[in-house]
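What follows is one structure encoded as structure tokens, with my remarks underneath.
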Amino acid sequence: MKNIRKWTIIIALVSATVILIAAGLFQSTGARGTVGIAAGRALPGFALSPDTPEHALTILLNGVQRRDWKQALSVVARTSGLATSEDEQSFAQSWTGSSGSLRTYSALEGFDLWPLHETSNDAQIRVSLRWTTPVGPIDHVREFHLTRSGDGWAVLWTPTEQPAVPAQVIPVTYLRWDLIAGNAQGDAAWGAHNLDAPHVRIVSMNAVNSAEGTVVMGEVENVDTIPAFVNVNATLVGAGATPIDEENSFDKILHVLLPKEVSPYRIDFPGIDLAKVKNVRMDVKAALVPASADPVIGVMNQKMDHDVQGNPVLRGELLNQSGQTVNIPHVIASFSDSSGRVIWVSDGYVDNALLPQSSQPFAVQLPRSIASQVRSFHVVVNQYSLQNS
Amino acid sequence: MSWSTNIACRIPDARLLACAALIAACLAPPSSAQELRLPASASAGEAITISATGSGRATFYLAGPGISSKSEINLGEEIRIPAASLHYAGEYLAILCSDTCRSASFDVNPAQPATLSFLVHPSRVPDNQPDSVSGVAFPFDHFSNLVLAPLTVNFHAAGPKESLFSRSVSTHDGVAWFRTSSGKAAGALHITASIGDLSAQRVLAQVASDPCNLRITGARTPNGILVETAPVHDCAGNQVSDGTIVTFTAVGSGETSTVDAPVKGDVARARLTGSGPVVISVASGVAMGNELHIAGAEQ
């Protein structure tokens, strides 16, 4: 009697397991309309059949997150021209970056989907991509077009044009400043050896209240004839001459300034209301450093525009006029009103490397409340090159 | 009589010794048994002789800057203090104790100037700047004592093309200084301070000031618009330093393009893009230049 009961339980458990596995295999995935939720991975041998545009895009982005290019490509439309393995490699590279760019150090942390338009045959979805990078989280907004493919949906992939740099020799004739530490043994007399730090000056300063707190910004100029490593510090002073907070410009400045070069700077004081600030103490520190005038990066076709979400942006193109690859270009822009006062400073990193003699687009955002007052802007480019670091 | 070589150079010890001897001298009843005869003044690094009247044995203490010593002497004989004991300028205290203690002080003055410390500021100066160069000279003797007696220091500054100034300044409390304007020509500025045969020279760089009267020319090429400046000079005609950033700005069709290009060999060059008509301007620091109108490219 005991044995019969035991065998009944075992048979029941095995039967239930088989039924559940079969149900799982033949049931379509239920991620209908889920926004930004990672979809499950298909079992080997079973193709995914996304029944909604959102599901198809979720499969693609999940594949990108896991760097599972086979999964990502499984929902890319065949009409997208990814026929060869080189095309597939190019697809992967468009997500992982190349040439030591910022994207090569980044990972897709998450995404949010906003369906914009959908018919029975095609759909358009806007995606906010959250990347983790060494310079902090970066959000990108991108739009995808999808098309019906058989019973499911597929993403129409537009290959990104990578600048083709032909083999060439580029003569570099720019300047370099070397620093020689003096040897005082020859003439150890007091005051015999000295070299003044570079002279820099703050040419403008403005403090405003933003949604995040107080922002101190302006422009700083190297008025000397030698390069300077510059950092701007600001101390907010409250009632009774009590210091409230002290911050520096960190990466919101072009640190190495060549002679007569002007850089925007911005110092953020999160959570501090400007109304409580009675005074701002500015302090600019400059040190003599070795430097190079190469590479020269032109900032072309700058214009005020709007991004896909309607936010005001300054767009343009960076043109590398030298023979050196700039792995991580960093754009810093100051915006001035009709009186020439700096009213905002924005910055942004460019995902792709700036190859020699090639260009890359950039866009930096600014608040909607500021955009209508902007009359002029000044853009500088900070550059990080692996061969220099 | 031979001078004891018991010399200690630790100042706290010297002070303790001097204090103890002074207390002894003050507590002791006045006596005319011995008397100290000191030179009115002495010069650093020169030996002196002190006379002590009386007879018998006595203890002689000497305390001064960087020295304290004690020795047994015979009264009535001269006490010779060697030059090595008098390197430091300042006030010295001599104390002689037998039955009673007597004390007297004397000054050791700095010797003749042997070195000249000369500081000049700044190390780089733009040309034609009023009161932008300053210098200060300190005369020291062979033993690094600051010479406080008034001395005449001759300052002389010579630029690459001109003698900037010559001035004689008397030291006051051991210091002489000057302030002057920078010259008109860029290059090395040699500044000399001298006292008699003693001199010290410093060199500072006189550099070009802000660029002046910037002029640009440009032409459209298949690779874009190539623009370049005429040789960039300051208002005194000096070539600006290589590496000085010149900003070229092209405005046209609602778009702006900028290139920050460094001056190299007097000239800054840049390549700008844009197919339509553009207006190109140039600036360096606070100096603006001319505007250039470039017509659109032929289709």
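Numbering starts fresh at 1 for the residues of each chain in the structure tokens, the chains themselves are lettered A, B, ... in the order given, and ligands are numbered from 1 as they appear.
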- For range 109-111 of chain A: contacts at 7 Å, only C-alpha atoms, fewer than 6 positions along chain excluded, given as a VMD selection string: chain A and resid 36 127 to 132
Save out the residues we just selected, C-alpha atoms, as an mmCIF file, in the first residue's frame.
data_model
loop_
_atom_site.group_PDB
_atom_site.id
_atom_site.type_symbol
_atom_site.label_atom_id
_atom_site.label_comp_id
_atom_site.auth_asym_id
_atom_site.auth_seq_id
_atom_site.Cartn_x
_atom_site.Cartn_y
_atom_site.Cartn_z
ATOM 1 C CA GLY A 36 12.472 48.332 -20.544
ATOM 2 C CA VAL A 127 14.498 54.397 -26.838
ATOM 3 C CA SER A 128 16.354 55.997 -23.991
ATOM 4 C CA LEU A 129 19.595 54.087 -23.564
ATOM 5 C CA ARG A 130 21.375 54.315 -20.202
ATOM 6 C CA TRP A 131 25.108 53.701 -20.547
ATOM 7 C CA THR A 132 27.532 53.309 -17.701
#
Write out, as JSON lines, each residue of chain A that has an atom at most 7 Å from chain B, together with the closest pair of atoms and their distance in Å to one decimal, counting only C-alpha atoms, rows going by chain and rising number.
{"residue": "A:Leu175", "atom": "CA", "partner": "B:Gly243", "partner_atom": "CA", "distance": 6.4}
{"residue": "A:Ala189", "atom": "CA", "partner": "B:Ser117", "partner_atom": "CA", "distance": 6.7}
{"residue": "A:Trp190", "atom": "CA", "partner": "B:Ser117", "partner_atom": "CA", "distance": 6.0}
{"residue": "A:Gly191", "atom": "CA", "partner": "B:Leu119", "partner_atom": "CA", "distance": 5.1}
{"residue": "A:Asn194", "atom": "CA", "partner": "B:Ser123", "partner_atom": "CA", "distance": 7.0}
{"residue": "A:Leu195", "atom": "CA", "partner": "B:Ser123", "partner_atom": "CA", "distance": 5.6}
{"residue": "A:Asp196", "atom": "CA", "partner": "B:Ser123", "partner_atom": "CA", "distance": 5.7}
{"residue": "A:Thr225", "atom": "CA", "partner": "B:Ser241", "partner_atom": "CA", "distance": 6.2}
{"residue": "A:Leu258", "atom": "CA", "partner": "B:Ile245", "partner_atom": "CA", "distance": 6.6}
{"residue": "A:Pro259", "atom": "CA", "partner": "B:Thr244", "partner_atom": "CA", "distance": 4.6}
{"residue": "A:Lys260", "atom": "CA", "partner": "B:Gly285", "partner_atom": "CA", "distance": 4.9}
{"residue": "A:Glu261", "atom": "CA", "partner": "B:Ile245", "partner_atom": "CA", "distance": 5.6}
{"residue": "A:Ala293", "atom": "CA", "partner": "B:Pro262", "partner_atom": "CA", "distance": 6.6}
{"residue": "A:Val296", "atom": "CA", "partner": "B:Ala261", "partner_atom": "CA", "distance": 6.5}
{"residue": "A:Ile297", "atom": "CA", "partner": "B:Val259", "partner_atom": "CA", "distance": 6.7}
{"residue": "A:Gly298", "atom": "CA", "partner": "B:Val259", "partner_atom": "CA", "distance": 4.4}
{"residue": "A:Val299", "atom": "CA", "partner": "B:Thr258", "partner_atom": "CA", "distance": 5.2}
{"residue": "A:Met300", "atom": "CA", "partner": "B:Ser257", "partner_atom": "CA", "distance": 4.0}
{"residue": "A:Asn301", "atom": "CA", "partner": "B:Glu255", "partner_atom": "CA", "distance": 5.0}
{"residue": "A:Gln302", "atom": "CA", "partner": "B:Thr256", "partner_atom": "CA", "distance": 4.8}
{"residue": "A:Lys303", "atom": "CA", "partner": "B:Glu255", "partner_atom": "CA", "distance": 5.0}
- Query: So which residues touch Gln206 in chain B within 9 Å, counting only C-alpha atoms, skipping near sequence neighbours fewer than 5 positions away, as a VMD selection string?
  - Reply: chain B and resid 123 to 127 159 182 to 189
- Message: I need the residues in range 20-263 of chain B that are alpha helix (DSSP H) according to DSSP; give them as a PyMOL selection string.
- Response: chain B and resi 20-27
- Residues within 9 Å of Val232 in chain A, only C-alpha atoms, excluding chain neighbours under 6 positions, as a ChimeraX atom specification: /A:202,220,247-250,253,265-267,282-286
Taking N, CA and C atoms for each residue, export the selection above as an mmCIF file, in the first residue's frame.
data_model
loop_
_atom_site.group_PDB
_atom_site.id
_atom_site.type_symbol
_atom_site.label_atom_id
_atom_site.label_comp_id
_atom_site.auth_asym_id
_atom_site.auth_seq_id
_atom_site.Cartn_x
_atom_site.Cartn_y
_atom_site.Cartn_z
ATOM 1 N N ILE A 202 40.253 84.985 -14.545
ATOM 2 C CA ILE A 202 38.841 84.698 -14.789
ATOM 3 C C ILE A 202 38.274 85.897 -15.528
ATOM 4 N N VAL A 220 37.659 81.414 -18.325
ATOM 5 C CA VAL A 220 38.985 81.683 -17.785
ATOM 6 C C VAL A 220 39.964 81.725 -18.954
ATOM 7 N N GLU A 247 33.749 73.893 -3.966
ATOM 8 C CA GLU A 247 33.836 72.900 -5.042
ATOM 9 C C GLU A 247 34.818 73.404 -6.098
ATOM 10 N N ASN A 248 35.194 72.499 -7.018
ATOM 11 C CA ASN A 248 36.027 72.936 -8.138
ATOM 12 C C ASN A 248 35.402 72.521 -9.465
ATOM 13 N N SER A 249 36.032 72.963 -10.523
ATOM 14 C CA SER A 249 35.440 72.781 -11.853
ATOM 15 C C SER A 249 35.551 71.346 -12.358
ATOM 16 N N PHE A 250 36.341 70.523 -11.710
ATOM 17 C CA PHE A 250 36.497 69.101 -12.043
ATOM 18 C C PHE A 250 36.685 68.924 -13.549
ATOM 19 N N ILE A 253 35.905 71.929 -17.516
ATOM 20 C CA ILE A 253 36.874 72.972 -17.879
ATOM 21 C C ILE A 253 37.911 72.336 -18.811
ATOM 22 N N TYR A 265 34.170 77.346 -17.797
ATOM 23 C CA TYR A 265 34.236 76.495 -16.612
ATOM 24 C C TYR A 265 32.864 76.483 -15.959
ATOM 25 N N ARG A 266 32.615 75.430 -15.239
ATOM 26 C CA ARG A 266 31.335 75.333 -14.531
ATOM 27 C C ARG A 266 31.568 74.590 -13.230
ATOM 28 N N ILE A 267 31.016 75.128 -12.154
ATOM 29 C CA ILE A 267 31.176 74.499 -10.836
ATOM 30 C C ILE A 267 29.778 74.289 -10.264
ATOM 31 N N MET A 282 36.112 83.271 -5.572
ATOM 32 C CA MET A 282 36.695 82.534 -6.697
ATOM 33 C C MET A 282 38.205 82.427 -6.500
ATOM 34 N N ASP A 283 38.732 81.312 -6.921
ATOM 35 C CA ASP A 283 40.170 81.090 -6.812
ATOM 36 C C ASP A 283 40.604 80.262 -8.012
ATOM 37 N N VAL A 284 41.512 80.816 -8.809
ATOM 38 C CA VAL A 284 41.973 80.066 -9.971
ATOM 39 C C VAL A 284 43.422 79.656 -9.737
ATOM 40 N N LYS A 285 43.670 78.369 -9.902
ATOM 41 C CA LYS A 285 45.020 77.849 -9.673
ATOM 42 C C LYS A 285 45.624 77.460 -11.025
ATOM 43 N N ALA A 286 46.880 77.841 -11.225
ATOM 44 C CA ALA A 286 47.543 77.536 -12.499
ATOM 45 C C ALA A 286 48.931 76.995 -12.214
#
- Task: Mind listing the strand (DSSP E) residues of range 46-196 of chain B, per DSSP on the backbone, as number ranges by chain?
- Result: B: 48-52, 57-64, 67-74, 78-81, 90-97, 101-109, 113-121, 124-126, 133-141, 152-158, 163-170, 176-180, 187-195
- Message: Can you tell me which residues surround Pro227 in chain A at a distance of at most 7 Å, considering only C-alpha atoms, apart from same-chain residues fewer than 4 positions away, and format the answer as a PyMOL selection string?
- Response: chain A and resi 256-259+288-289+291
Write to file, as a compact mmCIF listing (two decimals), in the first residue's frame, the residues of the selection just made, with C-alpha atoms.
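What landed in out_36.txt:
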# COMPACT_ATOMS: atom_id res chain seq x y z
CA VAL A 256 45.43 72.65 -20.25
CA LEU A 257 45.21 76.14 -21.70
CA LEU A 258 47.66 77.28 -24.34
CA PRO A 259 48.69 80.96 -24.45
CA LEU A 288 53.27 75.17 -15.51
CA VAL A 289 52.98 71.88 -17.41
CA ALA A 291 51.94 70.61 -23.35
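Counting only C-alpha atoms and comparing A:Gly100, A:Pro312, A:Gly136, A:Pro198, the residue that lies closest to Arg368 in chain A is A:Pro312.
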- Selection: 9 Å around Tyr349 in chain A, only C-alpha atoms, excl. self and same-chain fewer than 5 positions, as a list in words: Leu102, Val135, Ile138, Ile328, Pro329, His330, Val331, Ile332, Phe362 and Val364 of chain A
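Going from CA of Thr133 in chain A to CA of Pro356 in chain A covers 23.8 Å.
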- Message: Neighbouring residues of Gly296 in chain B were defined as those with any atom within 12 Å, considering only C-alpha atoms; residues of the same chain fewer than 3 positions away were excluded. Please report them as a PyMOL selection string.
- Response: chain B and resi 219-221+224-225+252-253+273-279+293+299
Residue subset to file, keeping C-alpha atoms, as a PDB file, in the first residue's frame:
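Written out: selection.pdb:
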ATOM      1  CA  ALA B 219      40.627  81.336 -49.964  1.00  0.00           C
ATOM      2  CA  ARG B 220      38.270  78.542 -50.762  1.00  0.00           C
ATOM      3  CA  THR B 221      39.954  75.270 -51.745  1.00  0.00           C
ATOM      4  CA  GLY B 224      37.510  73.807 -47.357  1.00  0.00           C
ATOM      5  CA  ILE B 225      38.383  77.408 -46.639  1.00  0.00           C
ATOM      6  CA  GLY B 252      27.270  81.585 -42.610  1.00  0.00           C
ATOM      7  CA  SER B 253      23.914  79.960 -43.358  1.00  0.00           C
ATOM      8  CA  THR B 273      34.258  74.192 -43.684  1.00  0.00           C
ATOM      9  CA  GLY B 274      31.107  75.542 -45.295  1.00  0.00           C
ATOM     10  CA  SER B 275      29.950  75.705 -48.872  1.00  0.00           C
ATOM     11  CA  GLY B 276      27.834  78.862 -48.719  1.00  0.00           C
ATOM     12  CA  PRO B 277      29.025  82.426 -48.321  1.00  0.00           C
ATOM     13  CA  VAL B 278      30.716  82.930 -44.961  1.00  0.00           C
ATOM     14  CA  VAL B 279      32.101  85.776 -42.919  1.00  0.00           C
ATOM     15  CA  HIS B 293      33.930  87.652 -46.699  1.00  0.00           C
ATOM     16  CA  GLN B 299      27.985  74.287 -57.777  1.00  0.00           C
TER      17      GLN B 299
END
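Straight-line separation from CA of Ser68 in chain B to CA of Glu46 in chain B: 17.3 Å.
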- Choose the residue, out of A:Val381, A:Ile125, A:Ala197, A:Val280, that has the smallest atom-to-atom separation from Val326 in chain A; count only C-alpha atoms. A:Val381
